[in-house]
Every structure is written in C-alpha cells, then in structure tokens.
Amino acid sequence: MSDPYFFGYGSLVNTRTHSYPDPQPATLKGWRRAWVATPRFGVVLLTGVPAPDHKIDGLIAQVPDADWGALDAREAGYDRLAAHKDITHNHSAEPEIAVYAVSPDNFLERESHIILLSYLDVVIQGFNEVYGEDGVRRFFDTTDGWDTPILNDREDPLYPRHQTLSEDERGLVDENLERLSAQVQERHEASLPPDF
C-alpha cells in the first residue's frame, strides 16, 4: 500500500519548514482559505473552508509509513480530513491525500486576535517559490479575513518556523497587503492577546 500525502495550503507550502518528501504543486477544489480565531490561540489560524465553485493552490507531499504523529502535532487545533477526491495534481499514482482544517465548531469572533507577519511571510515565501508572483496574488485573493490586524514582528519573529526573506519577497508581501488595505501594526502599537 502506498504512503499517503497531505495537502498544504499555508506554511506547509514552504518546504523550508519541513522535510516531507516528494513535494508537488496541487489544487484543492471547492475550498477557500480564511483567517479564523479559535479558543486555542490568541492569533488567528489560516484554515481551509468549503466554498463551492472556488479552488486554492497548495502543495502535496508524502507522509512516509503513514506516520502522521509529527504533522498532527504541528497542526494542533486542526482536524485531518480525507480530501483526495477534491485535489488535482500531476502525481503518477493516486495516493490518499488529507487536508488539515479547523472545525467550524471552533470558530470564534475575531476580536483581539491578530495575524503574525512572520507567519504570513513564511507562507508567501513558499507560494512565491512554487507559483511565482501570480500565485502569490491568487493566495491573497482566495483568502478571507484581511480585515484582521497584522502584527509586524519581522524584527523579533514570534512564529517558531520563521524564515529570512529577501528584500523582493518582503516587498511582495507588503505590496499585496497594501493592495488589500490590510492594517499592519508595529510592535509598539499593539500588544499580543492575553492567551497567546
């Protein structure tokens, strides 16, 4: 029996944050992304949400020996769902593919929650490497919740898998945030939520 794969649509697209083998571009049909608040974190999580007639780009990669332990721990707060029927890819086989998503039962109002810029930077670095600038633009356009404040923590990153971005990569993030009129707050302008 062949090893299963996961479909990543956020930080898992950035292969600098993991070492899962055989990463390949893929598309998940019938979904969009959204920034959602949950009881577990003071920052919003990026999740997939069902959305007929939509699709999102991402990456599939192999989970050797179906050992989901480390990935389940990384994606704590998410449910792992079967998704292979909704994913298009160029893999020569038809592996089982799972996607991680936050259960709607765990969605909260986005009150004092924030997006970490260090996390968004990692996501966009990955999309730029896999899909280029057009793919980065599609990421922003297929993601809801850009009215959530964004904390600029680039100088002192809070995201544990943060990466160093080039000047061009940072500019690509900033350009799209400006295009969407997103609110970026400097560290001295906003405090972290109490349960972060």
# chains A, B, ... in the order shown; residues from 1 in each chain; ligands from 1
>>> select_by_dssp(residues="stretch 10-131 of chain A", states="strand (DSSP E)", output="MDAnalysis selection string")
chainID A and resid 24:36 45:62 79:82 87:89 97:101 115:116
>>> residues_around(residues="stretch 102-107 of chain A", least_positions_apart="4", cutoff="7 Å", atoms="only C-alpha atoms", output="list in words")
Val36, Ala37, Thr38, Pro39, Thr47, Gly77, Tyr78 and Asp79 of chain A
>>> closest_residue(among="A:Ile87, A:Ile115, A:Leu165, A:Val122", to="A:Gly30", atoms="only C-alpha atoms")
A:Ile87
>>> atom_distance(atom1="atom CA of A:His89", atom2="atom CA of A:Ala26")
4.6 Å
>>> atom_distance(atom1="atom CA of A:Gln62", atom2="atom CA of A:Leu116")
27.7 Å
>>> residues_around(residues="A:Tyr159", least_positions_apart="6", cutoff="9 Å", atoms="only C-alpha atoms", output="VMD selection string")
chain A and resid 116 to 119 153
>>> residues_around(residues="A:Leu120", least_positions_apart="2", cutoff="12 Å", atoms="only C-alpha atoms", output="number ranges by chain")
A: 9-14, 35, 43-46, 114-118, 122-127, 136, 139-140, 143, 146, 150-154, 157-159, 161-163, 165, 169-170, 172-174, 176-177, 184
>>> closest_residue(among="A:Pro23, A:Gly58, A:Gly171, A:Gly8", to="A:Ala101", atoms="only C-alpha atoms")
A:Gly8
>>> residues_around(residues="A:Ile56", least_positions_apart="2", cutoff="7 Å", atoms="only C-alpha atoms", output="PyMOL selection string")
chain A and resi 27-29+31-32+58+142
>>> write_last_selection(atoms="N, CA, C and O atoms", output="PDB file, in the first residue's frame")
ATOM      1  N   THR A  27      -3.939  21.434  -6.457  1.00  0.00           N
ATOM      2  CA  THR A  27      -5.061  22.361  -6.291  1.00  0.00           C
ATOM      3  C   THR A  27      -6.205  21.643  -5.596  1.00  0.00           C
ATOM      4  O   THR A  27      -6.536  20.506  -5.948  1.00  0.00           O
ATOM      5  N   LEU A  28      -6.792  22.307  -4.622  1.00  0.00           N
ATOM      6  CA  LEU A  28      -7.942  21.771  -3.892  1.00  0.00           C
ATOM      7  C   LEU A  28      -9.200  22.481  -4.377  1.00  0.00           C
ATOM      8  O   LEU A  28      -9.322  23.709  -4.244  1.00  0.00           O
ATOM      9  N   LYS A  29     -10.119  21.730  -4.947  1.00  0.00           N
ATOM     10  CA  LYS A  29     -11.359  22.287  -5.488  1.00  0.00           C
ATOM     11  C   LYS A  29     -12.432  22.372  -4.405  1.00  0.00           C
ATOM     12  O   LYS A  29     -12.518  21.509  -3.535  1.00  0.00           O
ATOM     13  N   TRP A  31     -12.872  24.863  -2.155  1.00  0.00           N
ATOM     14  CA  TRP A  31     -12.428  25.462  -0.888  1.00  0.00           C
ATOM     15  C   TRP A  31     -11.885  26.869  -1.127  1.00  0.00           C
ATOM     16  O   TRP A  31     -11.462  27.213  -2.230  1.00  0.00           O
ATOM     17  N   ARG A  32     -11.909  27.664  -0.059  1.00  0.00           N
ATOM     18  CA  ARG A  32     -11.181  28.922   0.055  1.00  0.00           C
ATOM     19  C   ARG A  32     -10.399  28.866   1.361  1.00  0.00           C
ATOM     20  O   ARG A  32     -10.611  27.963   2.166  1.00  0.00           O
ATOM     21  N   GLY A  58      -1.879  24.844  -3.624  1.00  0.00           N
ATOM     22  CA  GLY A  58      -1.157  24.342  -2.471  1.00  0.00           C
ATOM     23  C   GLY A  58      -0.082  23.367  -2.896  1.00  0.00           C
ATOM     24  O   GLY A  58       0.411  23.410  -4.033  1.00  0.00           O
ATOM     25  N   THR A 142      -7.705  34.490  -2.713  1.00  0.00           N
ATOM     26  CA  THR A 142      -8.534  33.332  -2.357  1.00  0.00           C
ATOM     27  C   THR A 142      -8.521  33.099  -0.846  1.00  0.00           C
ATOM     28  O   THR A 142      -8.821  31.996  -0.381  1.00  0.00           O
TER      29      THR A 142
END
>>> atom_distance(atom1="atom CA of A:Asp147", atom2="atom CA of A:Arg33")
14.0 Å
>>> closest_residue(among="A:Thr17, A:Gln24, A:Ala98, A:Pro149", to="A:Asp72", atoms="only C-alpha atoms")
A:Ala98
>>> residues_around(residues="A:His84", least_positions_apart="6", cutoff="10 Å", atoms="only C-alpha atoms", output="PDB file with all heavy atoms, in the first residue's frame")
ATOM      1  N   PRO A   4       0.465   7.736   2.199  1.00  0.00           N
ATOM      2  CA  PRO A   4      -0.453   8.851   1.959  1.00  0.00           C
ATOM      3  C   PRO A   4       0.312  10.161   1.794  1.00  0.00           C
ATOM      4  O   PRO A   4       1.515  10.241   2.054  1.00  0.00           O
ATOM      5  CB  PRO A   4      -1.304   8.870   3.227  1.00  0.00           C
ATOM      6  CG  PRO A   4      -0.389   8.342   4.289  1.00  0.00           C
ATOM      7  CD  PRO A   4       0.485   7.318   3.602  1.00  0.00           C
ATOM      8  N   TYR A   5      -0.417  11.177   1.380  1.00  0.00           N
ATOM      9  CA  TYR A   5       0.126  12.523   1.208  1.00  0.00           C
ATOM     10  C   TYR A   5      -0.742  13.506   1.991  1.00  0.00           C
ATOM     11  O   TYR A   5      -1.885  13.197   2.340  1.00  0.00           O
ATOM     12  CB  TYR A   5       0.115  12.923  -0.273  1.00  0.00           C
ATOM     13  CG  TYR A   5       1.262  12.343  -1.088  1.00  0.00           C
ATOM     14  CD1 TYR A   5       1.429  10.974  -1.204  1.00  0.00           C
ATOM     15  CD2 TYR A   5       2.163  13.179  -1.735  1.00  0.00           C
ATOM     16  CE1 TYR A   5       2.474  10.438  -1.941  1.00  0.00           C
ATOM     17  CE2 TYR A   5       3.213  12.649  -2.478  1.00  0.00           C
ATOM     18  CZ  TYR A   5       3.359  11.283  -2.575  1.00  0.00           C
ATOM     19  OH  TYR A   5       4.400  10.778  -3.307  1.00  0.00           O
ATOM     20  N   PHE A   6      -0.190  14.670   2.272  1.00  0.00           N
ATOM     21  CA  PHE A   6      -1.004  15.765   2.805  1.00  0.00           C
ATOM     22  C   PHE A   6      -1.088  16.856   1.744  1.00  0.00           C
ATOM     23  O   PHE A   6      -0.220  16.959   0.869  1.00  0.00           O
ATOM     24  CB  PHE A   6      -0.436  16.328   4.108  1.00  0.00           C
ATOM     25  CG  PHE A   6       0.880  17.053   3.968  1.00  0.00           C
ATOM     26  CD1 PHE A   6       0.943  18.364   3.511  1.00  0.00           C
ATOM     27  CD2 PHE A   6       2.070  16.425   4.302  1.00  0.00           C
ATOM     28  CE1 PHE A   6       2.153  19.031   3.368  1.00  0.00           C
ATOM     29  CE2 PHE A   6       3.290  17.074   4.170  1.00  0.00           C
ATOM     30  CZ  PHE A   6       3.331  18.382   3.698  1.00  0.00           C
ATOM     31  N   PHE A   7      -2.120  17.658   1.828  1.00  0.00           N
ATOM     32  CA  PHE A   7      -2.237  18.865   1.014  1.00  0.00           C
ATOM     33  C   PHE A   7      -2.069  20.055   1.948  1.00  0.00           C
ATOM     34  O   PHE A   7      -2.834  20.231   2.898  1.00  0.00           O
ATOM     35  CB  PHE A   7      -3.599  18.937   0.318  1.00  0.00           C
ATOM     36  CG  PHE A   7      -3.821  20.223  -0.440  1.00  0.00           C
ATOM     37  CD1 PHE A   7      -3.357  20.371  -1.741  1.00  0.00           C
ATOM     38  CD2 PHE A   7      -4.479  21.303   0.149  1.00  0.00           C
ATOM     39  CE1 PHE A   7      -3.553  21.554  -2.439  1.00  0.00           C
ATOM     40  CE2 PHE A   7      -4.687  22.487  -0.546  1.00  0.00           C
ATOM     41  CZ  PHE A   7      -4.216  22.613  -1.839  1.00  0.00           C
ATOM     42  N   LEU A  28      -6.792  22.307  -4.622  1.00  0.00           N
ATOM     43  CA  LEU A  28      -7.942  21.771  -3.892  1.00  0.00           C
ATOM     44  C   LEU A  28      -9.200  22.481  -4.377  1.00  0.00           C
ATOM     45  O   LEU A  28      -9.322  23.709  -4.244  1.00  0.00           O
ATOM     46  CB  LEU A  28      -7.748  21.980  -2.390  1.00  0.00           C
ATOM     47  CG  LEU A  28      -8.884  21.555  -1.461  1.00  0.00           C
ATOM     48  CD1 LEU A  28      -9.192  20.068  -1.599  1.00  0.00           C
ATOM     49  CD2 LEU A  28      -8.542  21.907  -0.013  1.00  0.00           C
ATOM     50  N   GLU A  94      -2.319   7.624  -7.566  1.00  0.00           N
ATOM     51  CA  GLU A  94      -3.475   8.299  -6.976  1.00  0.00           C
ATOM     52  C   GLU A  94      -3.451   8.057  -5.469  1.00  0.00           C
ATOM     53  O   GLU A  94      -4.239   7.288  -4.936  1.00  0.00           O
ATOM     54  CB  GLU A  94      -4.779   7.780  -7.590  1.00  0.00           C
ATOM     55  CG  GLU A  94      -4.995   8.179  -9.030  1.00  0.00           C
ATOM     56  CD  GLU A  94      -5.144   9.692  -9.215  1.00  0.00           C
ATOM     57  OE1 GLU A  94      -5.658  10.370  -8.304  1.00  0.00           O
ATOM     58  OE2 GLU A  94      -4.713  10.192 -10.277  1.00  0.00           O
ATOM     59  N   PRO A  95      -2.534   8.723  -4.761  1.00  0.00           N
ATOM     60  CA  PRO A  95      -2.411   8.458  -3.321  1.00  0.00           C
ATOM     61  C   PRO A  95      -3.593   9.018  -2.534  1.00  0.00           C
ATOM     62  O   PRO A  95      -4.294   9.930  -2.988  1.00  0.00           O
ATOM     63  CB  PRO A  95      -1.126   9.200  -2.955  1.00  0.00           C
ATOM     64  CG  PRO A  95      -1.069  10.332  -3.930  1.00  0.00           C
ATOM     65  CD  PRO A  95      -1.622   9.776  -5.214  1.00  0.00           C
ATOM     66  N   GLU A  96      -3.798   8.451  -1.358  1.00  0.00           N
ATOM     67  CA  GLU A  96      -4.733   9.056  -0.406  1.00  0.00           C
ATOM     68  C   GLU A  96      -4.124  10.385   0.035  1.00  0.00           C
ATOM     69  O   GLU A  96      -2.921  10.468   0.300  1.00  0.00           O
ATOM     70  CB  GLU A  96      -4.931   8.140   0.804  1.00  0.00           C
ATOM     71  CG  GLU A  96      -5.591   6.822   0.483  1.00  0.00           C
ATOM     72  CD  GLU A  96      -7.060   6.985   0.118  1.00  0.00           C
ATOM     73  OE1 GLU A  96      -7.760   7.758   0.793  1.00  0.00           O
ATOM     74  OE2 GLU A  96      -7.496   6.345  -0.858  1.00  0.00           O
ATOM     75  N   ILE A  97      -4.944  11.422   0.094  1.00  0.00           N
ATOM     76  CA  ILE A  97      -4.448  12.749   0.474  1.00  0.00           C
ATOM     77  C   ILE A  97      -5.367  13.332   1.543  1.00  0.00           C
ATOM     78  O   ILE A  97      -6.594  13.290   1.416  1.00  0.00           O
ATOM     79  CB  ILE A  97      -4.407  13.708  -0.735  1.00  0.00           C
ATOM     80  CG1 ILE A  97      -3.580  13.107  -1.880  1.00  0.00           C
ATOM     81  CG2 ILE A  97      -3.828  15.065  -0.315  1.00  0.00           C
ATOM     82  CD1 ILE A  97      -3.607  13.921  -3.167  1.00  0.00           C
ATOM     83  N   ALA A  98      -4.759  13.872   2.591  1.00  0.00           N
ATOM     84  CA  ALA A  98      -5.515  14.504   3.670  1.00  0.00           C
ATOM     85  C   ALA A  98      -5.215  15.997   3.700  1.00  0.00           C
ATOM     86  O   ALA A  98      -4.146  16.444   3.276  1.00  0.00           O
ATOM     87  CB  ALA A  98      -5.144  13.878   5.014  1.00  0.00           C
ATOM     88  N   VAL A  99      -6.176  16.750   4.209  1.00  0.00           N
ATOM     89  CA  VAL A  99      -6.004  18.189   4.387  1.00  0.00           C
ATOM     90  C   VAL A  99      -6.378  18.520   5.830  1.00  0.00           C
ATOM     91  O   VAL A  99      -7.255  17.876   6.415  1.00  0.00           O
ATOM     92  CB  VAL A  99      -6.880  18.993   3.388  1.00  0.00           C
ATOM     93  CG1 VAL A  99      -8.368  18.756   3.631  1.00  0.00           C
ATOM     94  CG2 VAL A  99      -6.550  20.480   3.443  1.00  0.00           C
TER      95      VAL A  99
END
>>> closest_residue(among="A:Pro64, A:Gly132, A:Gly69, A:Gly48", to="A:Ala34", atoms="only C-alpha atoms")
A:Gly48
>>> closest_residue(among="A:Ser181, A:Asn90, A:Ser166, A:Ser2", to="A:Val63", atoms="only C-alpha atoms")
A:Ser2
